[in-house]
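Read the structure below first, then the notes.
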Amino acid sequence: MSKNTQLAKLDVNFQVPYIVPVRLLLEKKGSPKRYSIICLPKQEDLQKGADVKEVKKIDENQNERNKLRRSHKLLLKKLSRYRKRCRLLGKAYTQKVNYIEEYKRKLENLWIPDVQSEIKQSCSREIIGWVTKGDFSFSVGKNAAVGYVAMASLPVLFSSRPRNKILVRNTS
């Protein structure tokens, strides 16, 4: 009995939110590291000789972060001069803690926005899991990894041609 026939006869509910442990063997160059992303490939990724690249995203908050950082540095210099002047004159100095907390909160929101998007759609390909451990395997003679994928993504993975081909992307 072939594997396809065996899979068709399985009475499994793939919509249950389970994670499934997987072992990955990489065909091409690259070494998967801990917390690498496991993605479903697009149809054009599976074409022979296709160069698979992640689309570069534009950082929308970069200019605003730079302006905020510059103004914060100027204010810190101004406060430093004020502290020195207070010490020389023997006056009591009161620190503006609320401004520093507000700056920290604004900067955190600019780095990590409050967007409630799904993790599955955070890159250009659908994320189905993560690598927990990966490196070169001397017993196999290839780069290998161990990770987990979502049970709901298995039917899509099994139905794709060529079968059981995924993409692994190291996070940086």
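As shown in the structure tokens, the chain order sets the letters A, B, ...; within each chain, residues go from 1, and ligands are also counted from 1 in the order they appear.
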
List every residue of chain A that DSSP, applied to the backbone of this structure, assigns to helix (DSSP H, G or I), and report them as a ChimeraX atom specification. /A:3-9,43-46,62-89,97-111,119-121,151-159

What are the closest atom pairs, with distances in Å to one decimal, for all residues of stretch 24-71 of chain A lying within 8 Å of stretch 122-139 of chain A? Consider only C-alpha atoms, order rows by chain and residue number, and present the result as CSV.
residue,atom,partner,partner_atom,distance
A:Ser31,CA,A:Asp135,CA,5.6
A:Pro32,CA,A:Gly134,CA,5.1
A:Lys33,CA,A:Gly134,CA,5.1
A:Arg34,CA,A:Lys133,CA,5.0
A:Tyr35,CA,A:Val131,CA,5.0
A:Ser36,CA,A:Val131,CA,5.1
A:Ile37,CA,A:Trp130,CA,4.8
A:Ile38,CA,A:Gly129,CA,4.9
A:Cys39,CA,A:Ile127,CA,4.4
A:Leu40,CA,A:Glu126,CA,5.6
A:Pro41,CA,A:Arg125,CA,6.6
A:Lys42,CA,A:Arg125,CA,7.0
A:Glu54,CA,A:Ser124,CA,6.7
A:Val55,CA,A:Ser124,CA,6.8

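Shell of stretch 70-78 of chain A at 12 Å, with only C-alpha atoms counted and residues fewer than 2 places along the chain excluded, is A:Asn63, A:Glu64, A:Arg65, A:Asn66, A:Lys67, A:Leu68, A:Ser80, A:Arg81, A:Tyr82, A:Arg83, A:Lys84, A:Arg85, A:Gln95, A:Lys96, A:Val97, A:Tyr99, A:Ile100, A:Glu101, A:Glu102, A:Tyr103, A:Lys104, A:Lys106, A:Leu107.
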
Skip A:Leu157 itself and residues of its chain fewer than 4 positions away, then list as an MDAnalysis selection string all residues within 10 Å of it, counting only C-alpha atoms. chainID A and resid 40:41 128 152:153 161:166

For the selection you just gave me, I'd like the residues written to a file as an mmCIF file, in the first residue's frame, keeping all heavy atoms.
data_model
loop_
_atom_site.group_PDB
_atom_site.id
_atom_site.type_symbol
_atom_site.label_atom_id
_atom_site.label_comp_id
_atom_site.auth_asym_id
_atom_site.auth_seq_id
_atom_site.Cartn_x
_atom_site.Cartn_y
_atom_site.Cartn_z
ATOM 1 N N LEU A 40 5.449 27.603 3.855
ATOM 2 C CA LEU A 40 4.949 26.899 2.680
ATOM 3 C C LEU A 40 5.462 27.632 1.448
ATOM 4 O O LEU A 40 5.364 28.859 1.374
ATOM 5 C CB LEU A 40 3.420 26.902 2.658
ATOM 6 C CG LEU A 40 2.721 25.901 3.525
ATOM 7 C CD1 LEU A 40 1.215 26.123 3.468
ATOM 8 C CD2 LEU A 40 3.047 24.482 3.110
ATOM 9 N N PRO A 41 5.994 26.927 0.469
ATOM 10 C CA PRO A 41 6.476 27.611 -0.734
ATOM 11 C C PRO A 41 5.322 28.004 -1.650
ATOM 12 O O PRO A 41 4.269 27.379 -1.651
ATOM 13 C CB PRO A 41 7.362 26.561 -1.404
ATOM 14 C CG PRO A 41 6.828 25.263 -0.930
ATOM 15 C CD PRO A 41 6.271 25.498 0.445
ATOM 16 N N ILE A 128 4.239 28.043 8.678
ATOM 17 C CA ILE A 128 3.551 26.860 9.207
ATOM 18 C C ILE A 128 4.220 26.330 10.469
ATOM 19 O O ILE A 128 3.653 25.490 11.158
ATOM 20 C CB ILE A 128 3.459 25.738 8.152
ATOM 21 C CG1 ILE A 128 4.841 25.287 7.696
ATOM 22 C CG2 ILE A 128 2.604 26.172 6.994
ATOM 23 C CD1 ILE A 128 4.825 24.060 6.813
ATOM 24 N N ALA A 152 -2.885 22.051 11.010
ATOM 25 C CA ALA A 152 -3.779 22.548 9.964
ATOM 26 C C ALA A 152 -3.054 22.755 8.637
ATOM 27 O O ALA A 152 -3.690 22.771 7.576
ATOM 28 C CB ALA A 152 -4.422 23.856 10.408
ATOM 29 N N SER A 153 -1.731 22.901 8.649
ATOM 30 C CA SER A 153 -0.988 23.127 7.407
ATOM 31 C C SER A 153 -0.582 21.834 6.713
ATOM 32 O O SER A 153 -0.138 21.866 5.565
ATOM 33 C CB SER A 153 0.256 23.955 7.702
ATOM 34 O OG SER A 153 1.119 23.233 8.553
ATOM 35 N N ARG A 161 2.710 19.732 -5.055
ATOM 36 C CA ARG A 161 3.638 18.981 -5.905
ATOM 37 C C ARG A 161 4.835 19.850 -6.195
ATOM 38 O O ARG A 161 4.657 20.997 -6.592
ATOM 39 C CB ARG A 161 2.969 18.580 -7.221
ATOM 40 C CG ARG A 161 1.868 17.590 -7.040
ATOM 41 C CD ARG A 161 2.429 16.195 -6.825
ATOM 42 N NE ARG A 161 1.340 15.284 -6.496
ATOM 43 C CZ ARG A 161 1.353 14.448 -5.495
ATOM 44 N NH1 ARG A 161 2.403 14.379 -4.723
ATOM 45 N NH2 ARG A 161 0.352 13.660 -5.259
ATOM 46 N N PRO A 162 6.051 19.425 -6.030
ATOM 47 C CA PRO A 162 6.500 18.180 -5.439
ATOM 48 C C PRO A 162 6.161 18.154 -3.953
ATOM 49 O O PRO A 162 6.144 19.179 -3.293
ATOM 50 C CB PRO A 162 8.001 18.176 -5.668
ATOM 51 C CG PRO A 162 8.373 19.601 -5.864
ATOM 52 C CD PRO A 162 7.167 20.292 -6.412
ATOM 53 N N ARG A 163 5.888 16.971 -3.484
ATOM 54 C CA ARG A 163 5.394 16.793 -2.130
ATOM 55 C C ARG A 163 6.482 16.989 -1.085
ATOM 56 O O ARG A 163 7.647 16.698 -1.313
ATOM 57 C CB ARG A 163 4.817 15.384 -2.000
ATOM 58 C CG ARG A 163 3.618 15.389 -1.069
ATOM 59 C CD ARG A 163 2.898 14.106 -1.102
ATOM 60 N NE ARG A 163 3.197 13.470 0.175
ATOM 61 C CZ ARG A 163 3.284 12.182 0.340
ATOM 62 N NH1 ARG A 163 3.114 11.393 -0.664
ATOM 63 N NH2 ARG A 163 3.534 11.692 1.499
ATOM 64 N N ASN A 164 6.079 17.484 0.069
ATOM 65 C CA ASN A 164 6.935 17.649 1.242
ATOM 66 C C ASN A 164 8.107 18.605 1.011
ATOM 67 O O ASN A 164 9.172 18.433 1.583
ATOM 68 C CB ASN A 164 7.459 16.307 1.733
ATOM 69 C CG ASN A 164 6.344 15.403 2.185
ATOM 70 O OD1 ASN A 164 5.257 15.862 2.518
ATOM 71 N ND2 ASN A 164 6.592 14.117 2.189
ATOM 72 N N LYS A 165 7.913 19.616 0.197
ATOM 73 C CA LYS A 165 8.939 20.647 -0.011
ATOM 74 C C LYS A 165 8.508 21.888 0.762
ATOM 75 O O LYS A 165 7.400 22.373 0.603
ATOM 76 C CB LYS A 165 9.091 21.007 -1.485
ATOM 77 C CG LYS A 165 9.514 19.862 -2.353
ATOM 78 C CD LYS A 165 10.978 19.606 -2.198
ATOM 79 C CE LYS A 165 11.377 18.477 -3.145
ATOM 80 N NZ LYS A 165 12.743 18.103 -3.010
ATOM 81 N N ILE A 166 9.396 22.373 1.606
ATOM 82 C CA ILE A 166 9.116 23.570 2.401
ATOM 83 C C ILE A 166 10.319 24.511 2.293
ATOM 84 O O ILE A 166 11.366 24.144 1.789
ATOM 85 C CB ILE A 166 8.819 23.214 3.882
ATOM 86 C CG1 ILE A 166 9.906 22.303 4.478
ATOM 87 C CG2 ILE A 166 7.491 22.544 4.018
ATOM 88 C CD1 ILE A 166 10.875 22.996 5.295
#

Option closest in space to A:Leu167, from A:Tyr148, A:Arg87, A:Lys53, A:Glu108 [counting only C-alpha atoms]: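 Of all the options, A:Lys53 lies closest to A:Leu167.
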
Filtered DSSP result for stretch 75-153 of chain A, state strand (DSSP E), as an NGL selection string: :A and (127-137 or 142-150)

Emit the selected residues as a CSV table (one decimal), in the first residue's frame, including all heavy atoms.
chain,number,residue,atom,x,y,z
A,127,ILE,N,3.6,31.1,7.1
A,127,ILE,CA,4.4,30.4,8.1
A,127,ILE,C,3.6,29.2,8.6
A,127,ILE,O,2.4,29.4,9.0
A,127,ILE,CB,4.8,31.4,9.2
A,127,ILE,CG1,5.7,32.5,8.7
A,127,ILE,CG2,5.5,30.6,10.3
A,127,ILE,CD1,6.0,33.6,9.6
A,128,ILE,N,4.2,28.0,8.7
A,128,ILE,CA,3.6,26.9,9.2
A,128,ILE,C,4.2,26.3,10.5
A,128,ILE,O,3.7,25.5,11.2
A,128,ILE,CB,3.5,25.7,8.2
A,128,ILE,CG1,4.8,25.3,7.7
A,128,ILE,CG2,2.6,26.2,7.0
A,128,ILE,CD1,4.8,24.1,6.8
A,129,GLY,N,5.4,26.8,10.8
A,129,GLY,CA,6.1,26.3,12.0
A,129,GLY,C,7.4,27.0,12.2
A,129,GLY,O,7.8,27.9,11.6
A,130,TRP,N,8.1,26.4,13.2
A,130,TRP,CA,9.4,26.9,13.6
A,130,TRP,C,10.4,25.8,13.9
A,130,TRP,O,10.0,24.7,14.3
A,130,TRP,CB,9.3,27.7,14.9
A,130,TRP,CG,8.9,29.1,14.7
A,130,TRP,CD1,9.6,30.2,14.4
A,130,TRP,CD2,7.5,29.6,14.6
A,130,TRP,NE1,8.9,31.3,14.2
A,130,TRP,CE2,7.5,30.9,14.4
A,130,TRP,CE3,6.3,28.9,14.8
A,130,TRP,CZ2,6.4,31.7,14.2
A,130,TRP,CZ3,5.2,29.7,14.7
A,130,TRP,CH2,5.2,31.1,14.4
A,131,VAL,N,11.7,26.1,13.7
A,131,VAL,CA,12.8,25.1,14.0
A,131,VAL,C,13.2,25.3,15.4
A,131,VAL,O,13.3,26.4,15.9
A,131,VAL,CB,14.0,25.4,13.0
A,131,VAL,CG1,15.2,24.6,13.5
A,131,VAL,CG2,13.6,25.1,11.6
A,132,THR,N,13.3,24.2,16.1
A,132,THR,CA,13.8,24.2,17.5
A,132,THR,C,15.3,24.0,17.6
A,132,THR,O,15.9,24.5,18.5
A,132,THR,CB,13.1,23.2,18.4
A,132,THR,OG1,13.2,21.9,17.8
A,132,THR,CG2,11.6,23.6,18.5
A,133,LYS,N,15.8,23.2,16.7
A,133,LYS,CA,17.3,22.9,16.7
A,133,LYS,C,17.7,22.6,15.3
A,133,LYS,O,17.0,21.8,14.6
A,133,LYS,CB,17.6,21.8,17.7
A,133,LYS,CG,19.1,21.6,17.9
A,133,LYS,CD,19.3,20.7,19.1
A,133,LYS,CE,20.8,20.6,19.3
A,133,LYS,NZ,21.1,20.3,20.7
A,134,GLY,N,18.8,23.1,14.8
A,134,GLY,CA,19.2,22.8,13.5
A,134,GLY,C,20.7,23.1,13.3
A,134,GLY,O,21.2,24.1,13.9
A,135,ASP,N,21.4,22.3,12.5
A,135,ASP,CA,22.8,22.5,12.1
A,135,ASP,C,23.2,21.4,11.2
A,135,ASP,O,22.3,20.7,10.7
A,135,ASP,CB,23.7,22.5,13.4
A,135,ASP,CG,24.9,23.5,13.3
A,135,ASP,OD1,25.2,23.8,12.1
A,135,ASP,OD2,25.4,23.8,14.3
A,136,PHE,N,24.5,21.3,10.9
A,136,PHE,CA,25.0,20.3,10.0
A,136,PHE,C,24.9,18.9,10.7
A,136,PHE,O,25.4,18.8,11.9
A,136,PHE,CB,26.4,20.6,9.5
A,136,PHE,CG,26.9,19.6,8.5
A,136,PHE,CD1,26.5,19.8,7.2
A,136,PHE,CD2,27.7,18.5,8.9
A,136,PHE,CE1,26.9,18.9,6.2
A,136,PHE,CE2,28.1,17.6,7.9
A,136,PHE,CZ,27.7,17.8,6.6
A,137,SER,N,24.4,17.9,10.1
A,137,SER,CA,24.3,16.6,10.6
A,137,SER,C,25.3,15.7,10.0
A,137,SER,O,25.3,15.5,8.8
A,137,SER,CB,22.9,16.0,10.4
A,137,SER,OG,22.9,14.7,10.8
A,142,LYS,N,24.2,16.2,5.6
A,142,LYS,CA,23.5,17.4,5.1
A,142,LYS,C,23.1,18.3,6.3
A,142,LYS,O,23.3,17.9,7.5
A,142,LYS,CB,22.2,17.0,4.5
A,142,LYS,CG,22.3,16.3,3.2
A,142,LYS,CD,20.9,16.0,2.7
A,142,LYS,CE,20.9,15.3,1.3
A,142,LYS,NZ,19.6,15.1,0.8
A,143,ASN,N,22.7,19.5,6.0
A,143,ASN,CA,22.1,20.3,7.0
A,143,ASN,C,20.7,19.8,7.4
A,143,ASN,O,19.9,19.4,6.5
A,143,ASN,CB,22.0,21.8,6.6
A,143,ASN,CG,23.3,22.4,6.5
A,143,ASN,OD1,24.1,22.4,7.5
A,143,ASN,ND2,23.6,23.1,5.4
A,144,ALA,N,20.5,19.7,8.7
A,144,ALA,CA,19.2,19.1,9.2
A,144,ALA,C,18.7,19.9,10.3
A,144,ALA,O,19.4,20.7,10.9
A,144,ALA,CB,19.4,17.6,9.6
A,145,ALA,N,17.4,19.8,10.6
A,145,ALA,CA,16.7,20.5,11.7
A,145,ALA,C,15.6,19.7,12.2
A,145,ALA,O,15.1,18.8,11.6
A,145,ALA,CB,16.3,21.9,11.2
A,146,VAL,N,15.2,20.1,13.5
A,146,VAL,CA,14.1,19.5,14.1
A,146,VAL,C,13.2,20.7,14.5
A,146,VAL,O,13.7,21.7,14.9
A,146,VAL,CB,14.5,18.7,15.4
A,146,VAL,CG1,13.2,18.2,16.1
A,146,VAL,CG2,15.4,17.6,15.0
A,147,GLY,N,11.9,20.6,14.3
A,147,GLY,CA,11.0,21.7,14.6
A,147,GLY,C,9.6,21.2,14.7
A,147,GLY,O,9.3,20.0,14.8
A,148,TYR,N,8.7,22.1,14.7
A,148,TYR,CA,7.2,21.9,14.9
A,148,TYR,C,6.5,22.6,13.8
A,148,TYR,O,6.8,23.8,13.5
A,148,TYR,CB,6.7,22.3,16.3
A,148,TYR,CG,7.3,21.4,17.4
A,148,TYR,CD1,8.5,21.8,18.0
A,148,TYR,CD2,6.7,20.2,17.7
A,148,TYR,CE1,9.0,21.0,19.0
A,148,TYR,CE2,7.3,19.4,18.7
A,148,TYR,CZ,8.4,19.8,19.4
A,148,TYR,OH,8.9,19.1,20.4
A,149,VAL,N,5.4,22.0,13.3
A,149,VAL,CA,4.5,22.6,12.3
A,149,VAL,C,3.1,22.5,12.8
A,149,VAL,O,2.8,21.6,13.6
A,149,VAL,CB,4.7,22.1,10.9
A,149,VAL,CG1,6.0,22.3,10.3
A,149,VAL,CG2,4.3,20.6,10.8
A,150,ALA,N,2.2,23.4,12.4
A,150,ALA,CA,0.8,23.3,12.7
A,150,ALA,C,0.1,22.2,12.0
A,150,ALA,O,0.4,22.0,10.8
A,150,ALA,CB,0.2,24.7,12.4

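Here atom CA of A:Gln62 and atom CA of A:Leu110 stand 8.2 Å from one another.
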
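Reported to one decimal place, the separation of atom CA of A:Lys29 from atom CA of A:Val52 is 12.2 Å.
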
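In terms of minimum interatomic distance to A:Ile19, A:Met151 ranks closest within A:Val168, A:Leu46, A:Leu89, A:Met151, counting only C-alpha atoms.
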
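With atom CA of A:Leu154 on one side and atom CA of A:Asn13 on the other, the separation reads 10.9 Å.
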